[in-house]
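The data block below is final_14.cif; it holds mmCIF, C-alpha atoms.
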data_run
#
loop_
_atom_site.label_atom_id
_atom_site.label_comp_id
_atom_site.auth_asym_id
_atom_site.auth_seq_id
_atom_site.Cartn_x
_atom_site.Cartn_y
_atom_site.Cartn_z
CA MET A 12 65.23 -119.10 104.57
CA LYS A 13 65.42 -119.72 108.29
CA GLU A 14 68.48 -117.48 108.58
CA GLN A 15 66.63 -114.68 106.78
CA ARG A 16 63.61 -115.06 109.05
CA ARG A 17 65.84 -115.07 112.14
CA GLU A 18 67.56 -111.88 110.98
CA GLU A 19 64.21 -110.20 110.30
CA ASP A 20 62.99 -111.16 113.77
CA LYS A 21 66.17 -109.78 115.30
CA GLN A 22 65.80 -106.48 113.45
CA MET A 23 62.14 -106.21 114.47
CA HIS A 24 63.06 -106.89 118.09
CA GLU A 25 65.78 -104.21 117.98
CA LEU A 26 63.27 -101.74 116.54
CA LYS A 27 60.90 -102.48 119.44
CA ILE A 28 63.74 -102.00 121.93
CA ASN A 29 64.70 -98.69 120.32
CA GLN A 30 61.08 -97.52 120.52
CA CYS A 31 60.87 -98.59 124.17
CA GLU A 32 64.09 -96.71 124.96
CA ALA A 33 62.65 -93.61 123.29
CA ASP A 34 59.43 -94.01 125.32
CA VAL A 35 61.41 -94.31 128.57
CA GLU A 36 63.43 -91.20 127.74
CA ALA A 37 60.25 -89.25 126.93
CA VAL A 38 58.68 -90.25 130.26
CA ARG A 39 61.91 -89.32 132.07
CA ARG A 40 61.70 -85.82 130.57
CA GLU A 41 58.07 -85.55 131.63
CA SER A 42 59.02 -86.78 135.10
CA TYR A 43 61.72 -84.12 135.38
CA ALA A 44 59.23 -81.37 134.48
CA ARG A 45 56.66 -82.63 136.99
CA GLN A 46 59.29 -82.83 139.71
CA GLN A 47 60.32 -79.23 139.10
CA GLU A 48 56.66 -78.30 139.59
CA LEU A 49 56.61 -80.30 142.81
CA ASN A 50 59.77 -78.59 144.06
CA SER A 51 58.20 -75.17 143.38
CA ALA A 52 55.03 -76.27 145.18
CA TYR A 53 57.04 -77.37 148.23
CA CYS A 54 58.86 -74.01 148.28
CA GLU A 55 55.59 -72.08 148.04
CA TRP A 56 54.00 -74.16 150.79
CA ASN A 57 56.93 -73.63 153.17
CA LYS A 58 56.91 -69.91 152.34
CA ARG A 59 53.20 -69.59 153.18
CA ILE A 60 53.67 -71.49 156.45
CA ALA A 61 56.50 -69.14 157.46
CA GLU A 62 54.33 -66.12 156.63
CA HIS A 63 51.42 -67.49 158.66
CA ASP A 64 53.67 -68.25 161.65
CA ALA A 65 55.00 -64.70 161.49
CA GLN A 66 51.44 -63.31 161.50
CA VAL A 67 50.55 -65.45 164.51
CA ALA A 68 53.71 -64.41 166.35
CA VAL A 69 52.87 -60.69 166.12
CA GLY A 70 49.20 -61.22 167.05
CA SER A 71 47.89 -60.10 163.67
CA THR A 72 44.16 -59.97 163.03
CA ARG A 73 44.71 -61.22 159.48
CA THR A 74 45.81 -64.73 160.33
CA HIS A 75 42.67 -66.13 158.69
CA LEU A 76 43.98 -64.81 155.36
CA SER A 77 47.45 -66.25 155.83
CA LEU A 78 45.89 -69.56 156.87
CA GLN A 79 43.83 -69.60 153.66
CA ALA A 80 47.06 -69.04 151.71
CA VAL A 81 48.62 -72.04 153.49
CA GLN A 82 45.61 -74.21 152.68
CA LEU A 83 45.68 -73.16 149.02
CA ALA A 84 49.41 -73.88 148.79
CA GLU A 85 48.83 -77.25 150.46
CA HIS A 86 46.18 -78.10 147.87
CA ASP A 87 48.53 -77.14 145.02
CA LEU A 88 51.27 -79.24 146.65
CA GLU A 89 49.01 -82.29 146.83
CA MET A 90 48.03 -81.90 143.17
CA ALA A 91 51.70 -81.61 142.17
CA ARG A 92 52.51 -84.70 144.23
CA MET A 93 49.74 -86.65 142.50
CA ARG A 94 51.07 -85.67 139.07
CA VAL A 95 54.54 -86.89 140.06
CA GLU A 96 53.13 -90.19 141.30
CA GLN A 97 51.26 -90.67 138.02
CA VAL A 98 54.33 -90.02 135.88
CA GLN A 99 56.44 -92.27 138.11
CA GLU A 100 53.98 -95.07 137.49
CA LYS A 101 54.27 -94.43 133.74
CA LEU A 102 58.04 -94.56 134.07
CA ALA A 103 57.88 -97.85 135.98
CA GLN A 104 55.67 -99.40 133.30
CA ALA A 105 57.84 -98.13 130.43
CA SER A 106 61.01 -99.35 132.16
CA MET A 107 59.49 -102.77 132.79
CA LYS A 108 58.38 -103.05 129.16
CA LEU A 109 61.91 -102.22 128.03
CA HIS A 110 63.35 -104.72 130.49
CA ASN A 111 61.07 -107.49 129.22
CA PHE A 112 62.08 -106.88 125.60
CA LYS A 113 65.75 -106.96 126.53
CA LYS A 114 65.27 -110.03 128.68
CA ASP A 115 63.65 -111.82 125.75
CA GLN A 116 66.73 -110.95 123.71
CA GLN A 117 68.93 -112.09 126.64
CA LEU A 118 70.62 -108.73 127.02
CA ASN A 119 71.87 -107.23 130.24
CA THR A 120 70.67 -103.73 130.99
CA VAL A 121 71.81 -101.50 133.86
CA GLY A 122 68.92 -100.09 135.84
CA ALA A 123 66.19 -102.30 134.32
CA GLU A 124 65.70 -104.10 137.60
CA LEU A 125 64.90 -102.07 140.65
CA PRO A 126 68.35 -100.84 141.71
CA GLY A 127 69.87 -101.23 145.13
CA VAL A 128 70.61 -103.70 147.91
CA LYS A 129 67.35 -104.66 149.63
CA VAL A 130 67.24 -103.58 153.28
CA ALA A 131 64.41 -103.67 155.81
CA VAL A 132 63.85 -100.57 157.93
CA LYS A 133 64.69 -102.52 161.09
CA GLU A 134 68.11 -103.32 159.56
CA LEU A 135 69.05 -99.68 158.85
CA ASP A 136 70.87 -99.23 162.14
CA ASP A 137 73.27 -102.10 161.35
CA VAL A 138 73.48 -101.70 157.57
CA LEU A 139 73.44 -97.91 157.17
CA LEU A 140 74.51 -96.25 160.41
CA ARG A 141 76.91 -98.83 161.85
CA ASP A 142 77.89 -100.35 158.48
CA VAL A 143 78.36 -103.81 159.96
CA GLY A 144 80.59 -105.72 157.55
CA ASN A 145 81.99 -102.47 156.09
CA ARG A 146 80.19 -102.93 152.78
CA ILE A 147 79.49 -99.21 152.39
CA ALA A 148 83.00 -98.23 153.50
CA ASN A 149 84.57 -100.76 151.13
CA SER A 150 82.55 -99.39 148.22
CA ASP A 151 84.24 -95.99 148.77
CA LYS A 152 80.86 -94.37 148.11
CA TRP A 153 78.27 -92.69 150.28
CA PRO A 154 74.85 -94.35 150.59
CA LEU A 155 71.77 -93.44 148.57
CA VAL A 156 68.62 -94.76 150.25
CA ILE A 157 65.64 -95.39 147.95
CA ASP A 158 62.45 -95.54 149.97
CA PRO A 159 59.07 -94.78 148.36
CA SER A 160 57.37 -95.69 151.67
CA GLY A 161 58.99 -92.83 153.62
CA GLN A 162 59.82 -95.11 156.58
CA ALA A 163 63.56 -94.54 156.29
CA ALA A 164 63.00 -90.79 156.54
CA THR A 165 61.16 -91.26 159.83
CA PHE A 166 63.87 -93.58 161.11
CA LEU A 167 66.72 -91.19 160.25
CA ARG A 168 64.94 -88.04 161.40
CA TYR A 169 64.78 -89.37 164.96
CA ARG A 170 68.34 -90.63 165.11
CA ASP A 171 71.39 -88.52 165.99
CA THR A 172 71.72 -87.02 162.53
CA ASN A 173 71.89 -83.58 160.95
CA TYR A 174 68.76 -83.82 158.80
CA ILE A 175 68.12 -81.56 155.81
CA THR A 176 64.83 -81.48 153.92
CA ALA A 177 65.96 -80.35 150.49
CA CYS A 178 62.46 -79.16 149.50
CA ASN A 179 62.42 -76.70 152.41
CA PRO A 180 64.05 -73.41 151.32
CA ALA A 181 64.98 -72.57 154.92
CA CYS A 182 67.01 -75.79 155.20
CA MET A 183 68.74 -75.04 151.91
CA GLU A 184 69.99 -71.58 152.85
CA VAL A 185 73.77 -71.50 152.59
CA PRO A 186 74.40 -70.64 156.29
CA ALA A 187 72.11 -73.48 157.43
CA LEU A 188 73.74 -75.97 155.06
CA ARG A 189 77.24 -74.92 156.10
CA MET A 190 76.50 -75.37 159.80
CA ALA A 191 74.77 -78.70 159.20
CA LEU A 192 77.83 -79.97 157.34
CA LEU A 193 80.27 -78.55 159.88
CA GLY A 194 78.33 -80.05 162.79
CA ALA A 195 78.25 -83.48 161.14
CA LEU A 196 82.02 -83.35 160.49
CA ARG A 197 82.88 -81.93 163.91
CA PHE A 198 80.80 -84.36 165.96
CA GLY A 199 80.99 -87.39 163.65
CA LYS A 200 77.32 -87.61 162.68
CA PRO A 201 75.48 -88.54 159.48
CA LEU A 202 74.43 -85.61 157.31
CA VAL A 203 71.14 -86.71 155.76
CA VAL A 204 69.76 -84.87 152.72
CA ASP A 205 66.15 -85.88 152.06
CA MET A 206 65.02 -85.06 148.51
CA MET A 207 61.60 -86.70 149.05
CA GLU A 208 59.84 -87.30 145.69
CA VAL A 209 61.81 -84.63 143.84
CA ASP A 210 64.75 -85.20 141.49
CA MET A 211 66.81 -82.25 142.74
CA PHE A 212 70.36 -83.42 143.32
CA HIS A 213 71.48 -80.73 140.87
CA VAL A 214 69.98 -78.14 143.24
CA VAL A 215 71.62 -79.78 146.26
CA ARG A 216 74.98 -79.76 144.48
CA MET A 217 74.58 -76.11 143.50
CA ARG A 218 73.74 -75.00 147.04
CA PHE A 219 76.69 -76.84 148.57
CA ASP A 220 78.98 -75.40 145.90
CA GLU A 221 77.82 -71.94 146.96
CA ILE A 222 79.48 -72.61 150.31
CA ARG A 223 82.73 -73.33 148.51
CA ASN A 224 83.54 -74.10 144.91
CA GLU A 225 83.48 -77.86 144.14
CA LEU A 226 82.44 -78.65 147.71
CA MET A 227 79.97 -81.35 146.71
CA ASN A 228 82.65 -83.19 144.73
CA GLN A 229 84.94 -83.05 147.77
CA ILE A 230 82.14 -84.51 149.88
CA LEU A 231 81.43 -87.29 147.37
CA ASN A 232 85.10 -88.27 146.94
CA LYS A 233 85.67 -87.80 150.70
CA GLN A 234 88.49 -85.30 150.24
CA ILE A 235 86.68 -82.94 152.61
CA MET A 236 87.75 -85.29 155.43
CA GLU A 237 91.44 -85.33 154.45
CA ASN A 238 94.25 -82.99 155.51
CA GLU A 239 91.87 -80.83 157.54
CA ARG A 240 90.17 -79.48 154.39
CA TYR A 241 86.99 -79.06 156.44
CA LEU A 242 88.64 -76.13 158.21
CA SER A 243 88.34 -74.09 155.01
CA ILE A 244 84.58 -73.74 155.56
CA VAL A 245 84.94 -72.68 159.20
CA GLU A 246 84.31 -68.99 159.88
CA LYS A 247 85.66 -66.92 162.75
CA THR A 248 82.19 -66.38 164.15
CA ASP A 249 81.50 -70.12 164.49
CA GLY A 250 82.78 -70.23 168.06
CA GLU A 251 85.23 -72.32 170.02
CA GLU A 252 83.46 -75.58 169.12
CA TYR A 253 84.86 -75.27 165.61
CA THR A 254 88.04 -73.28 166.10
CA GLY A 255 91.21 -73.55 168.12
CA ASN A 256 91.94 -77.02 169.42
CA ALA A 257 88.53 -78.49 168.68
CA CYS A 258 88.57 -82.28 168.28
CA TRP A 259 87.02 -83.25 164.95
CA ARG A 260 85.50 -86.74 164.57
CA CYS A 261 85.51 -86.84 160.78
CA GLU A 262 86.18 -90.57 160.67
CA GLN A 263 82.59 -91.13 161.87
CA PHE A 264 81.05 -88.65 159.41
CA LYS A 265 78.59 -89.98 156.82
CA PHE A 266 76.80 -88.32 153.92
CA VAL A 267 73.42 -89.95 153.24
CA LEU A 268 71.13 -89.10 150.34
CA LEU A 269 67.48 -90.08 150.65
CA THR A 270 64.86 -90.29 147.88
CA LYS A 271 61.33 -91.61 147.41
CA LEU A 272 61.86 -92.08 143.66
CA ARG A 273 61.81 -95.73 142.63
CA TYR A 274 63.99 -94.96 139.60
CA PRO A 275 66.54 -92.26 140.53
CA PRO A 276 68.73 -90.77 137.78
CA GLU A 277 71.65 -92.88 136.59
CA GLU A 278 74.06 -90.24 137.91
CA LEU A 279 73.04 -91.05 141.47
CA LEU A 280 73.13 -94.80 140.93
CA HIS A 281 76.69 -94.40 139.63
CA HIS A 282 78.03 -92.14 142.38
CA PHE A 283 76.35 -93.74 145.43
CA TYR A 284 76.12 -97.10 147.17
CA VAL A 285 72.44 -97.82 146.66
CA LEU A 286 70.19 -99.23 149.37
CA ARG A 287 66.54 -99.95 148.60
CA ILE A 288 64.11 -100.16 151.50
CA HIS A 289 62.11 -103.37 151.33
CA VAL A 290 58.70 -103.28 152.99
CA PRO A 291 57.34 -106.82 153.29
CA PRO A 292 53.66 -107.27 152.38
CA THR A 293 51.30 -107.29 155.32
#
File written out as structure tokens:
Amino acid sequence: MKEQRREEDKQMHELKINQCEADVEAVRRESYARQQELNSAYCEWNKRIAEHDAQVAVGSTRTHLSLQAVQLAEHDLEMARMRVEQVQEKLAQASMKLHNFKKDQQLNTVGAELPGVKVAVKELDDVLLRDVGNRIANSDKWPLVIDPSGQAATFLRYRDTNYITACNPACMEVPALRMALLGALRFGKPLVVDMMEVDMFHVVRMRFDEIRNELMNQILNKQIMENERYLSIVEKTDGEEYTGNACWRCEQFKFVLLTKLRYPPEELLHHFYVLRIHVPPT
């Protein structure tokens, strides 16, 4: 009788876990849709800002209209950001519920806990940029920095990095991306791609692959640094800094991906060495 009851309890628990997994997947799909909306809102906002700046530059008398368009786009952006925050909270709750069920059953689950090595912002210089102890280098992966607070973005933006805001269409133009990558390889600097709150690595990959087929894979597996492969993305018009006998400092190059998402997609957790920014309570 006890064995039958134990088996029934086990089956009931597995049913609850299956339902929780389905709930998490449903929220992930909703999160993806909301993040696409947020990406579109960022693009529209940047577009309206560029149009307003152009009107100001030529001394137009219609700048009040372009400013109104900026303000409207900013409002839409804030609403899209709020919707993403709400669905991220739903995802956190669903993931925690799933984790608790699996913990009760004494199962291990990848990604149930908050992923990543905890790092304080003040430690980023040693841990991320200088890689003291060679933990990132020994992992043979590039770092993914998870930071909902946005403090890591501020830190990296004001260091000697080539910084790309992935939600800004101007930054994601192929010529701008190519030169950012070339400059980071040539001068041995980190290339930082900030995706903010948006799950858009697929877009980042696509834009890099427009520079050259399979370029993102060659960045991720570090082949771009081997056998002077980086020279294949140099163009004749790039100048003497990148041609001739230029000295490339590829050994100091780093590719850093930055996100505000607490639960990035599993693809990123698999391909990157994950650092999670820890902000101590005040």
Using only C-alpha atoms, find each residue in region 217-272 of chain A having at least one atom no more than 10 Å away from region 150-169 of chain A; report its shortest atom-to-atom pair and that distance in Å (one decimal), rows by chain then rising number, as CSV.
residue,atom,partner,partner_atom,distance
A:Ile230,CA,A:Trp153,CA,9.1
A:Leu231,CA,A:Trp153,CA,6.9
A:Asn232,CA,A:Lys152,CA,7.5
A:Lys233,CA,A:Asp151,CA,8.5
A:Lys265,CA,A:Trp153,CA,7.1
A:Phe266,CA,A:Trp153,CA,5.9
A:Val267,CA,A:Pro154,CA,5.3
A:Leu268,CA,A:Leu155,CA,4.7
A:Leu269,CA,A:Val156,CA,4.8
A:Thr270,CA,A:Ile157,CA,5.2
A:Lys271,CA,A:Pro159,CA,4.0
A:Leu272,CA,A:Pro159,CA,6.1
Only C-alpha atoms, please: the residues just picked out, written as a PDB file, keeping the file's coordinate frame.
ATOM      1  CA  ILE A 230      82.140 -84.510 149.880  1.00  0.00           C
ATOM      2  CA  LEU A 231      81.430 -87.290 147.370  1.00  0.00           C
ATOM      3  CA  ASN A 232      85.100 -88.270 146.940  1.00  0.00           C
ATOM      4  CA  LYS A 233      85.670 -87.800 150.700  1.00  0.00           C
ATOM      5  CA  LYS A 265      78.590 -89.980 156.820  1.00  0.00           C
ATOM      6  CA  PHE A 266      76.800 -88.320 153.920  1.00  0.00           C
ATOM      7  CA  VAL A 267      73.420 -89.950 153.240  1.00  0.00           C
ATOM      8  CA  LEU A 268      71.130 -89.100 150.340  1.00  0.00           C
ATOM      9  CA  LEU A 269      67.480 -90.080 150.650  1.00  0.00           C
ATOM     10  CA  THR A 270      64.860 -90.290 147.880  1.00  0.00           C
ATOM     11  CA  LYS A 271      61.330 -91.610 147.410  1.00  0.00           C
ATOM     12  CA  LEU A 272      61.860 -92.080 143.660  1.00  0.00           C
TER      13      LEU A 272
END
Open item on the list: Can you spell out as number ranges by chain the set of residues that the PyMOL selection byres ((chain A and resi 134) around 12) selects in the structure I just provided?
Closed with: A: 128-133, 135-143, 163, 166, 286-290
Enclose all atoms of region 196-214 of chain A listed in the file in an axis-aligned box, grow every side by 4 Å, and hand back centre and edge lengths in Å to one decimal, as JSON.
{"center_x": 71.4, "center_y": -83.3, "center_z": 153.4, "size_x": 31.0, "size_y": 18.4, "size_z": 33.1}
TODO: Starting from the shown file, work through the PyMOL selection byres ((chain A and resi 260) around 8) and note down what comes out as a ChimeraX atom specification.
DONE: /A:196-199,258-259,261-264
TODO: Would you kindly translate the PyMOL selection byres ((chain A and resi 46-54) around 6) into the concrete residues it picks from this file, as a PyMOL selection string?
DONE: chain A and resi 43-45+55-57+88+91+178+209
- [ ] Please return, as a ChimeraX atom specification, all polymer residues that have at least one atom within 12 Å of the point (72.3, -71.2, 152.2); use only C-alpha atoms and the file's own coordinate frame.
- [x] /A:175,177,179-192,214-223
As a PDB file, in the frame of the given file, could you write out region 37-49 of chain A once it has been completed with N, CA and C atoms?
ATOM      1  N   ALA A  37      61.315 -90.259 126.961  1.00  0.00           N
ATOM      2  CA  ALA A  37      60.250 -89.250 126.930  1.00  0.00           C
ATOM      3  C   ALA A  37      59.569 -89.128 128.289  1.00  0.00           C
ATOM      4  N   VAL A  38      59.322 -90.271 128.930  1.00  0.00           N
ATOM      5  CA  VAL A  38      58.680 -90.250 130.260  1.00  0.00           C
ATOM      6  C   VAL A  38      59.639 -89.656 131.286  1.00  0.00           C
ATOM      7  N   ARG A  39      60.931 -89.912 131.150  1.00  0.00           N
ATOM      8  CA  ARG A  39      61.910 -89.320 132.070  1.00  0.00           C
ATOM      9  C   ARG A  39      61.886 -87.794 131.969  1.00  0.00           C
ATOM     10  N   ARG A  40      61.772 -87.274 130.737  1.00  0.00           N
ATOM     11  CA  ARG A  40      61.700 -85.820 130.570  1.00  0.00           C
ATOM     12  C   ARG A  40      60.427 -85.268 131.191  1.00  0.00           C
ATOM     13  N   GLU A  41      59.330 -85.983 131.009  1.00  0.00           N
ATOM     14  CA  GLU A  41      58.070 -85.550 131.630  1.00  0.00           C
ATOM     15  C   GLU A  41      58.183 -85.601 133.146  1.00  0.00           C
ATOM     16  N   SER A  42      58.834 -86.649 133.650  1.00  0.00           N
ATOM     17  CA  SER A  42      59.020 -86.780 135.100  1.00  0.00           C
ATOM     18  C   SER A  42      59.831 -85.620 135.660  1.00  0.00           C
ATOM     19  N   TYR A  43      60.878 -85.240 134.937  1.00  0.00           N
ATOM     20  CA  TYR A  43      61.720 -84.120 135.380  1.00  0.00           C
ATOM     21  C   TYR A  43      60.896 -82.836 135.487  1.00  0.00           C
ATOM     22  N   ALA A  44      60.062 -82.582 134.477  1.00  0.00           N
ATOM     23  CA  ALA A  44      59.230 -81.370 134.480  1.00  0.00           C
ATOM     24  C   ALA A  44      58.254 -81.384 135.652  1.00  0.00           C
ATOM     25  N   ARG A  45      57.626 -82.539 135.882  1.00  0.00           N
ATOM     26  CA  ARG A  45      56.660 -82.630 136.990  1.00  0.00           C
ATOM     27  C   ARG A  45      57.351 -82.465 138.340  1.00  0.00           C
ATOM     28  N   GLN A  46      58.581 -82.949 138.443  1.00  0.00           N
ATOM     29  CA  GLN A  46      59.290 -82.830 139.710  1.00  0.00           C
ATOM     30  C   GLN A  46      59.739 -81.392 139.972  1.00  0.00           C
ATOM     31  N   GLN A  47      60.014 -80.648 138.917  1.00  0.00           N
ATOM     32  CA  GLN A  47      60.320 -79.230 139.100  1.00  0.00           C
ATOM     33  C   GLN A  47      59.085 -78.495 139.605  1.00  0.00           C
ATOM     34  N   GLU A  48      57.916 -78.874 139.100  1.00  0.00           N
ATOM     35  CA  GLU A  48      56.660 -78.300 139.590  1.00  0.00           C
ATOM     36  C   GLU A  48      56.455 -78.636 141.065  1.00  0.00           C
ATOM     37  N   LEU A  49      56.769 -79.876 141.418  1.00  0.00           N
ATOM     38  CA  LEU A  49      56.610 -80.300 142.810  1.00  0.00           C
ATOM     39  C   LEU A  49      57.570 -79.537 143.718  1.00  0.00           C
TER      40      LEU A  49
END
